[in-house]
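Below: the structure, in structure tokens.
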Amino acid sequence: MKQDTTLRLHINGRPYEYRGNPVKRLADVLRDDLGLTGTKIGCNAGDCGACTVLVDGKQVCSCLTAVGQVGGCSVTTVEGLAQGDTLSGLQRAFHKHGAAQCGICTPGMLIAAAELLARNRQPSADEVKDALGGVLCRCTGYQKIIEAVLDAASAELPPPPAAGALLPAAGAAVGARVPKVDGVAKLTGEERYGADAIPADALWLRVLRSPHHHASFELGDLAAFTAAHPGLERVLSARDVPSNGFGIYPQIKDQPVLADGVTRFRGEAVLALVGTRDAVESVNEADLPIRYSELPPVMGLDAARAPNAPLVQADKPGNLLLDGWVRKGDAAAAFASCAALAEAEFDTGFVEHAYIEPEAGWAQRVGDRLEIHVTTQTPYMDRDEMAVVMKLAREQIRIVPTACGGGFGGKLDLSVQPLIGVAAWLLDKPVACVYTRPESMASSTKRHPSHIRIKAGCAADGKLIAIETQADFDTGAYASWGPTVATRVPIHASGPYFVPHVTARGRAFFTHCHPSGAFRGFGVPQGAIAHEAMMDELADKLGIDRLAFRRLNALKAGDATATGQVLQHSAGLPLCLDALKPHWDEALAACAAYNKNSGAKRRGAGIGCMWYGIGNTSLSNPSTMRIGLSASGELTLYNGAVDIGQGSNTILTQIAADALGLPMAQFKIVMGDTDRTADAGKTSASRQTFVSGKATELAGRDLRAKLLALLEASPDAALSLDGSVIKARDATGEHQYDLAWLPARRGADVLQGTGSFDPPTSPQDADGQGVPYATYAFAAQLALVEVDCELGTVKVLDIVAAHDVGKAINPIQVEGQIQGGTIQGLGLALMEEYLPGRTENLHDYLIPTIGDIPRMKCILIEDAEPLGPSGAKGVGEPGLIPTAPAILGAIHHATGVRMRQVPVLPHRLRAALKQAESK
Ligand code: FES
Ligand code: FES
């Protein structure tokens with residue numbers, strides 16, 4: 001044990017004397033002792049760079065730096081970048097370019113960029129990549145970060161604008177490139193994420209997790225163990241949980257909060273230690289009174305489907321969770337009439353969300369209510385699930401979302417919520433929990449591994465005739481979102497094409513792995529790899545250009561989908577393909593020229609298309625939004641939709657502003673607090689712009705109608721708000737009304753507009769026929785790659801992404817979603833493979849870094865959807881889906897090898913190349 005020591009250093013220009021253990025991590029000193037929580041902890045292992053600070057002007061990972069190493073040094077954190085309220089030029093450039101999405105990586109990025117610009121005022125893009133290479137971002141795809149740094153470097157940036165000056169005037173918000181309304185806090189370190197505002201008196205909760213994939217266990221005397229450990233207040237087990245089961249579906253609550261006698265995956269929560277932080281952290285796991293007996297695990301799809309396989313869940317015969325179907329026409333018979341057939345099988349693995357913010361939050365009991373502050377994508381589902389777990393009424397649960405440092409579907413399932421909820425309720429003290437990175441990765445959901453068999457056929461002219469798909473998914477130990485994947489995939493399995501005969505089946509099987517859940521696309525990205533490979537093969541067999549083949553078959557308004565839904569509007573795939581065509585021709589020509597003299601390196605171009613149904617599948621999917629005006633003229637958007645970085649706070653404010661007719665700058669936002677907002681549903685399935693956006697538009701119009709009635713003004717009157725006085729100007733002159741005259745309850749608004757929207761869908765019948773979604777997004781992406789045939793490595797050089805978004809409410813945010821999704825798609829294609837028990841950290845599990853990104857161009861197609869706000873649909877998922885298919889197509893174009901398994905790791909590609917050579 002090191003002796004305490006006294007150190008003097010400067011932090012953000014101020015002298016600071018540290019007394020304590022010199023081996024304490026600098027990150028902990030900054031966050032815990034000084035409250036400088038702008039420095040983030042993503043891994044505590046030197047892998048993510050979220051904790052980057054400057055020490056004497058050089059960037060270091062503060063999680064790997066002992067405070068004793070920086071005695072006498074000058075430390076700069078993100079809080080030290082601005083001059084008072086004035087953002088630095090770099091911060092302003094990040095704001096302008098939309099370089100921060102969730103913002104959890106932003107402090108590290110800003111610090112790394114500040115170091116670069118201090119030594120190099122004119123960096124190139126490659127120098128920016130080098131300097132920022134140690135900081136991971138999972139949201140942005142890095143492009144806007146690079147643009148921001150180059151902008152900050154190149155321009156004498158104008159003086160900082162006054163607050164709100166970057167926001168458009170009334171009536172001009174929709175369609176404008178508006179910076180985030182909540183963006184500044186992400187640039188200054190002020191934003192509070194799940195681990196950032198834990199009360200000082202909170203107890204700490206540490207979860208003990210199963211080290212085995214499958215085991216039974218017995219517990220000894222936990223009370224005696226607790227008594228023997230000073231500072232430990234309680235060791236929670238399954239018997240402490242009022243109703244020990246949770247899950248996404250109301251009828252499937254199969255995942256225990258704490259395992260009860262048997263564990264079904266490595267990383268499953270078994271016990272929870274609650275006490276002072278020192279006490280729970282110092283417990284030696286081996287001392288706990290728990291005895292495991294290992295049982296044989298069912299690992300992987302083959303094991304789960306094997307005849308007489310052991311059952312993961314006793315009441316699920318054949319380990320089958322769900323068997324979903326879509327049948328249109330008679331695909332099996334139709335293949336006989338096809339001029340060309342293609343057939344193949346594809347495998348994909350687990351993929352980790354790798355949000356940079358691990359799961360975190362704190363809970364407290366307030367009388368007979370439970371309040372949970374947590375990083376989440378879905379406060380209302382959390383509220384309802386917690387009511388079930390706690391056996392309390394919904395009204396007794398309050399969820400207050402913190403800022404969310406990335407989700408991508410992984411924060412739709414409960415994580416810390418039931419653990420801290422039970423502990424806080426039983427002990428009547430605030431209780432906090434912050435997952436470590438390995439614990440986050442071991443316990444959280446993943447993208448479903450898949451095995452997909454597909455067969456496709458077309459006529460001699462290239463028109464598709466039939467597609468038959470069977471997609472099996474490994475759903476892990478508990479259901480989570482498995483049913484959603486198994487139903488969504490068959491609907492999308494024939495791709496965004498008109499196909500007269502379709503048979504598609506999706507099955508989800510239980511295994512002894514962590515639950516597979518929602519991850520940007522709900523299985524559609526895995527399905528797209530298969531259907532796009534079929535398009536390439538059929539086109540090649542017939543000698544038709546791959547883009548032209550897709551253009552010939554692309555769904556358009558008036559066509560019936562595989563579920564028999566006739567698309568009425570907004571089916572913009574043909575427009576996307578037309579927009580790609582010149583880039584495609586250029587890419588093909590460039591590849592041909594390069595490959596003439598290329599040696600071991602060869603270039604290829606590929607194309608991937610996708611469609612994606614917006615919102616829940618064949619289920620009610622409502623959102624309600626409210627806009628209120630107080631007696632003093634405060635204008636508030638009560639927004640139950642959580643912004644997880646995708647920009648919904650900004651986009652919904654844009655929509656609200658134009659629908660109401662007041663400027664964005666006058667809006668405040670309350671986000672996600674279940675006591676103060678209405679249920680807007682979850683942030684997933686690309687639904688918030690379309691569903692909550694429409695509800696917001698209706699709320700704005702409702703409030704406008706009420707104001708116009710109050711003012712006795714005409715429908716096209718121009719509104720303005722001046723303090724508590726609302727004014728309307730129309731052809732008859734100016735009307736005004738002082739809101740203070742309206743009767744008001746304390747703290748309540750005097751006027752409110754409300755809007756609700758539930759997209760029209762219909763249930764599917766036994767053959768999957770019906771209207772599962774009210775609208776679909778469409779996209780086509782082109783990838784240009786360079787393959788090193790000796791090493792088996794693939795470098796993506798260019799991506800051109802054409803996306804039909806209906807209407808780009810905010811092009812900065814839309815581009816950000818496309819770029820971020822695309823780079824996650826690149827990870828899926830080339831590097832990401834989660835292996836249970838082997839890749840539970842960010843140095844063994846690789847995600848794309850800033851050095852991996854290609855040049856990216858976004859083309860926004862606006863084929864308006866009449867149901868959506870100003871014609872908008874959604875874009876959260878679509879950015880990712882076509883990328884992997886485009887890259888696989890490009891690898892084949894470069895090498896002649898068709899890869900059937902992702903990720904295409906170098907050893908897999910080398911083996912395939914060798915095998916091709918030997919034929
Ligand atoms: S928290 Fe320090 S590198 Fe990840
Ligand atoms: S903005 Fe970079 S991780 Fe979210």
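Labels for the structure tokens follow display order: chains A, B, ..., residues from 1 in each chain, ligands from 1.
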
Pick out the residues no farther than 6 Å from ligand 1, counting only C-alpha atoms and all ligand atoms, and list them as a PyMOL selection string.
chain A and resi 41-51+61-63

With a distance cut-off of 10 Å and only C-alpha atoms, select the neighbouring residues of A:His893, excluding the residue or stretch itself and same-chain residues fewer than 5 positions from it, and output the selection as a compact mmCIF listing (two decimals) with all heavy atoms, in the first residue's frame.
```txt
# COMPACT_ATOMS: atom_id res chain seq x y z
N ASP A 536 -26.26 -9.43 -56.76
CA ASP A 536 -24.98 -9.41 -57.49
C ASP A 536 -24.83 -10.66 -58.35
O ASP A 536 -24.43 -10.58 -59.53
CB ASP A 536 -23.80 -9.35 -56.49
CG ASP A 536 -23.57 -7.97 -55.93
OD1 ASP A 536 -24.21 -7.01 -56.40
OD2 ASP A 536 -22.74 -7.84 -55.00
N LEU A 588 -16.32 2.20 -61.22
CA LEU A 588 -15.98 1.04 -62.05
C LEU A 588 -14.80 1.36 -62.96
O LEU A 588 -13.87 0.55 -63.13
CB LEU A 588 -17.19 0.62 -62.89
CG LEU A 588 -18.38 0.03 -62.11
CD1 LEU A 588 -19.53 -0.30 -63.07
CD2 LEU A 588 -17.98 -1.21 -61.32
N CYS A 591 -11.60 1.46 -60.91
CA CYS A 591 -11.12 0.11 -60.56
C CYS A 591 -10.43 -0.53 -61.76
O CYS A 591 -9.34 -1.13 -61.63
CB CYS A 591 -12.28 -0.78 -60.11
SG CYS A 591 -12.98 -0.30 -58.54
N ARG A 602 -5.71 -5.03 -55.25
CA ARG A 602 -6.74 -4.90 -56.28
C ARG A 602 -7.90 -4.09 -55.75
O ARG A 602 -8.20 -4.12 -54.55
CB ARG A 602 -7.23 -6.29 -56.73
CG ARG A 602 -6.15 -7.13 -57.41
CD ARG A 602 -6.70 -8.34 -58.08
NE ARG A 602 -7.73 -8.06 -59.07
CZ ARG A 602 -7.50 -7.66 -60.33
NH1 ARG A 602 -6.26 -7.46 -60.74
NH2 ARG A 602 -8.51 -7.46 -61.16
N ARG A 603 -8.54 -3.35 -56.63
CA ARG A 603 -9.66 -2.52 -56.20
C ARG A 603 -10.97 -3.06 -56.78
O ARG A 603 -11.00 -3.64 -57.87
CB ARG A 603 -9.45 -1.07 -56.62
CG ARG A 603 -8.34 -0.43 -55.83
CD ARG A 603 -8.22 1.05 -56.05
NE ARG A 603 -7.15 1.57 -55.19
CZ ARG A 603 -6.72 2.81 -55.20
NH1 ARG A 603 -7.26 3.70 -56.05
NH2 ARG A 603 -5.77 3.21 -54.39
N GLY A 604 -12.03 -2.83 -56.02
CA GLY A 604 -13.34 -3.26 -56.49
C GLY A 604 -14.43 -2.32 -56.00
O GLY A 604 -14.26 -1.62 -54.99
N ALA A 605 -15.54 -2.33 -56.72
CA ALA A 605 -16.68 -1.49 -56.33
C ALA A 605 -17.88 -2.39 -56.09
O ALA A 605 -18.08 -3.39 -56.81
CB ALA A 605 -16.99 -0.48 -57.44
N GLY A 606 -18.65 -2.05 -55.09
CA GLY A 606 -19.85 -2.83 -54.78
C GLY A 606 -21.00 -1.90 -54.46
O GLY A 606 -20.82 -0.71 -54.17
N LEU A 784 -16.11 1.55 -52.51
CA LEU A 784 -14.90 1.28 -53.30
C LEU A 784 -13.84 0.80 -52.33
O LEU A 784 -13.54 1.48 -51.34
CB LEU A 784 -14.45 2.58 -53.99
CG LEU A 784 -13.15 2.50 -54.79
CD1 LEU A 784 -13.32 1.62 -56.02
CD2 LEU A 784 -12.70 3.88 -55.22
N VAL A 785 -13.31 -0.41 -52.59
CA VAL A 785 -12.35 -0.98 -51.64
C VAL A 785 -11.04 -1.33 -52.34
O VAL A 785 -11.00 -1.49 -53.57
CB VAL A 785 -12.90 -2.27 -50.96
CG1 VAL A 785 -14.25 -2.03 -50.33
CG2 VAL A 785 -12.94 -3.46 -51.93
N ILE A 887 -19.72 -3.49 -49.32
CA ILE A 887 -18.30 -3.85 -49.16
C ILE A 887 -18.06 -5.28 -49.65
O ILE A 887 -17.07 -5.55 -50.34
CB ILE A 887 -17.88 -3.67 -47.68
CG1 ILE A 887 -17.87 -2.17 -47.33
CG2 ILE A 887 -16.51 -4.29 -47.41
CD1 ILE A 887 -17.68 -1.87 -45.85
N LEU A 888 -18.97 -6.20 -49.32
CA LEU A 888 -18.79 -7.59 -49.78
C LEU A 888 -18.83 -7.66 -51.31
O LEU A 888 -18.06 -8.42 -51.93
CB LEU A 888 -19.86 -8.49 -49.18
CG LEU A 888 -19.82 -8.69 -47.66
CD1 LEU A 888 -20.83 -9.74 -47.22
CD2 LEU A 888 -18.45 -9.09 -47.19
N ARG A 898 -16.40 -14.61 -53.37
CA ARG A 898 -17.62 -14.19 -52.67
C ARG A 898 -17.51 -14.64 -51.22
O ARG A 898 -17.51 -15.84 -50.93
CB ARG A 898 -18.86 -14.82 -53.32
CG ARG A 898 -19.07 -14.33 -54.75
CD ARG A 898 -20.48 -14.68 -55.22
NE ARG A 898 -20.61 -14.49 -56.66
CZ ARG A 898 -20.87 -13.30 -57.24
NH1 ARG A 898 -21.02 -12.23 -56.49
NH2 ARG A 898 -20.98 -13.21 -58.55
```

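Nearest residue to ligand 2, choosing from A:Val178, A:Cys137, A:Leu708, A:Ala185 and counting only C-alpha atoms and all ligand atoms: A:Cys137.
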
Check every protein, DNA and RNA residue against ligand 2, keep those with an atom at most 7 Å away (counting only C-alpha atoms and all ligand atoms), and present them as a list of chain:residue names.
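Using only C-alpha atoms and all ligand atoms, I find these residues within 7 Å of ligand 2: A:Ala100, A:Gln101, A:Cys102, A:Gly103, A:Ile104, A:Cys105, A:Thr106, A:Leu136, A:Cys137, A:Arg138, A:Cys139, A:Thr140, A:Tyr355, A:Ile356, A:Gly405, A:Gly406, A:Gly645.
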
Quick one: contact table of stretch 114-218 of chain A to stretch 853-869 of chain A, 12 Å max, nearest atom pair and distance in Å to one decimal per residue, counting only C-alpha atoms, chain and number order, as CSV?
```
residue,atom,partner,partner_atom,distance
A:Ala125,CA,A:Arg855,CA,10.9
A:Asp126,CA,A:Ile853,CA,11.1
A:Lys129,CA,A:Ile853,CA,9.6
A:Gly133,CA,A:Ile853,CA,11.3
A:Cys137,CA,A:Ile853,CA,11.7
A:Thr140,CA,A:Ile853,CA,10.9
A:Gly141,CA,A:Ile853,CA,7.3
A:Tyr142,CA,A:Ile853,CA,7.6
A:Gln143,CA,A:Met856,CA,7.7
A:Lys144,CA,A:Met856,CA,10.4
A:Ile145,CA,A:Ile853,CA,11.9
A:Ile146,CA,A:Ile853,CA,10.8
A:Glu147,CA,A:Arg855,CA,11.7
A:Val174,CA,A:Pro869,CA,9.4
A:Gly175,CA,A:Glu862,CA,10.9
```

10 Å contact set for A:Ala695, only C-alpha atoms, chain neighbours under 4 positions out, as a list in words:
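Residues meeting the cut-off are Pro622, Ser623, Thr624, Met625, Arg626, Leu652, Ile655, Ala656, Ala680, Gln688, Thr689, Phe690, Val691, Ala699, Gly700, Arg701, Thr754, Gly755, Ser756, Phe757, Asp758, Gly868 and Pro869 of chain A.
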
Counting only C-alpha atoms, the residue of A:Leu370, A:Ala777, A:Cys73, A:Cys404 that sits nearest A:Thr683:
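Of A:Leu370, A:Ala777, A:Cys73, A:Cys404, the one nearest A:Thr683, counting only C-alpha atoms, is A:Cys404.
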
Find, counting only C-alpha atoms, the residue in A:Met664, A:Ala309, A:Ala779, A:Met386 that gets nearest to A:Arg398.
A:Met386

Between atom CA of A:Cys458 and atom CA of A:Ala332, measure the distance and give it in Å to one decimal.
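Between atom CA of A:Cys458 and atom CA of A:Ala332 the gap works out to 12.9 Å.
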
Could you write out, as a ChimeraX atom specification, all the residues of stretch 541-709 of chain A that DSSP marks as helix (DSSP H, G or I)?
/A:541-542,546-553,573-595,648-660,664-666,688-709

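Closest approach to A:Gln417 among A:Ala459, A:Leu392, A:Leu205, A:Leu842: A:Leu205, based on only C-alpha atoms.
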
Taking the DSSP secondary structure from the backbone, can you list the residues of stretch 408-498 of chain A that are strand (DSSP E), as number ranges by chain?
A: 431-434, 446-447, 450-458, 464-476

Between atom CA of A:Ser243 and atom CA of A:Ala272, measure the distance and give it in Å to one decimal.
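Atom-to-atom, atom CA of A:Ser243 to atom CA of A:Ala272, that is 16.0 Å.
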
For A:Val23, please output as a tab-separated table (two decimals) with N, CA, C and O atoms, in the first residue's frame all residues within 7 Å (counting only C-alpha atoms; exclusion window: fewer than 4 positions along the same chain).
```
chain	number	residue	atom	x	y	z
A	66	ALA	N	-1.27	7.78	-13.03
A	66	ALA	CA	-1.41	7.96	-11.58
A	66	ALA	C	-1.21	9.44	-11.26
A	66	ALA	O	-0.37	10.11	-11.88
A	67	VAL	N	-1.97	9.93	-10.29
A	67	VAL	CA	-1.85	11.35	-9.97
A	67	VAL	C	-0.43	11.68	-9.52
A	67	VAL	O	0.07	12.79	-9.76
A	68	GLY	N	0.25	10.69	-8.93
A	68	GLY	CA	1.63	10.91	-8.51
A	68	GLY	C	2.56	11.22	-9.67
A	68	GLY	O	3.63	11.79	-9.46
```

For A:Thr636, the nearest of the candidates A:Leu341, A:Leu703, A:Ala912, A:Leu573, counting only C-alpha atoms:
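Residue with the minimum atom-to-atom distance to A:Thr636: A:Leu703.
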
Pairwise distance for atom CA of A:Asp675 and atom CA of A:Gly693, rounded to one decimal in Å
20.8 Å

Just the residues within 9 Å of A:Ser154, please, counting only C-alpha atoms, with nothing from its chain fewer than 5 positions along; format it as a list in words.
Arg121, Gln122, Pro123 and Val149 of chain A

Spatial neighbours of A:Gln915, 12 Å, only C-alpha atoms, chain gap at least 3 places, as a PyMOL selection string
chain A and resi 896-899+908-912+918-919

Residue subset to file, keeping N, CA, C and O atoms, as an mmCIF file, in the first residue's frame:
```cif
data_model
loop_
_atom_site.group_PDB
_atom_site.id
_atom_site.type_symbol
_atom_site.label_atom_id
_atom_site.label_comp_id
_atom_site.auth_asym_id
_atom_site.auth_seq_id
_atom_site.Cartn_x
_atom_site.Cartn_y
_atom_site.Cartn_z
ATOM 1 N N GLY A 896 -12.820 -11.624 -57.117
ATOM 2 C CA GLY A 896 -13.536 -12.780 -57.656
ATOM 3 C C GLY A 896 -14.013 -13.737 -56.576
ATOM 4 O O GLY A 896 -14.610 -14.766 -56.876
ATOM 5 N N VAL A 897 -13.756 -13.387 -55.304
ATOM 6 C CA VAL A 897 -14.149 -14.277 -54.204
ATOM 7 C C VAL A 897 -15.404 -13.733 -53.528
ATOM 8 O O VAL A 897 -15.467 -12.551 -53.187
ATOM 9 N N ARG A 898 -16.396 -14.613 -53.370
ATOM 10 C CA ARG A 898 -17.618 -14.194 -52.665
ATOM 11 C C ARG A 898 -17.512 -14.640 -51.217
ATOM 12 O O ARG A 898 -17.505 -15.837 -50.933
ATOM 13 N N MET A 899 -17.438 -13.686 -50.305
ATOM 14 C CA MET A 899 -17.336 -14.009 -48.887
ATOM 15 C C MET A 899 -18.728 -14.218 -48.316
ATOM 16 O O MET A 899 -19.629 -13.399 -48.525
ATOM 17 N N ARG A 908 -9.708 -15.007 -42.883
ATOM 18 C CA ARG A 908 -10.810 -15.606 -43.657
ATOM 19 C C ARG A 908 -10.664 -15.277 -45.145
ATOM 20 O O ARG A 908 -10.867 -16.141 -46.007
ATOM 21 N N LEU A 909 -10.314 -14.042 -45.419
ATOM 22 C CA LEU A 909 -10.193 -13.655 -46.831
ATOM 23 C C LEU A 909 -8.989 -14.352 -47.478
ATOM 24 O O LEU A 909 -9.076 -14.835 -48.614
ATOM 25 N N ARG A 910 -7.894 -14.438 -46.730
ATOM 26 C CA ARG A 910 -6.718 -15.131 -47.284
ATOM 27 C C ARG A 910 -7.044 -16.579 -47.602
ATOM 28 O O ARG A 910 -6.691 -17.105 -48.652
ATOM 29 N N ALA A 911 -7.749 -17.204 -46.670
ATOM 30 C CA ALA A 911 -8.099 -18.619 -46.890
ATOM 31 C C ALA A 911 -8.988 -18.748 -48.126
ATOM 32 O O ALA A 911 -8.802 -19.662 -48.946
ATOM 33 N N ALA A 912 -9.927 -17.836 -48.269
ATOM 34 C CA ALA A 912 -10.828 -17.905 -49.427
ATOM 35 C C ALA A 912 -10.067 -17.649 -50.723
ATOM 36 O O ALA A 912 -10.319 -18.287 -51.756
ATOM 37 N N SER A 918 -6.554 -22.333 -55.776
ATOM 38 C CA SER A 918 -6.247 -23.764 -55.933
ATOM 39 C C SER A 918 -7.248 -24.464 -56.836
ATOM 40 O O SER A 918 -7.065 -25.633 -57.166
ATOM 41 N N LYS A 919 -8.318 -23.778 -57.208
ATOM 42 C CA LYS A 919 -9.338 -24.449 -58.037
ATOM 43 C C LYS A 919 -8.922 -24.480 -59.499
ATOM 44 O O LYS A 919 -8.284 -23.583 -59.987
#
```
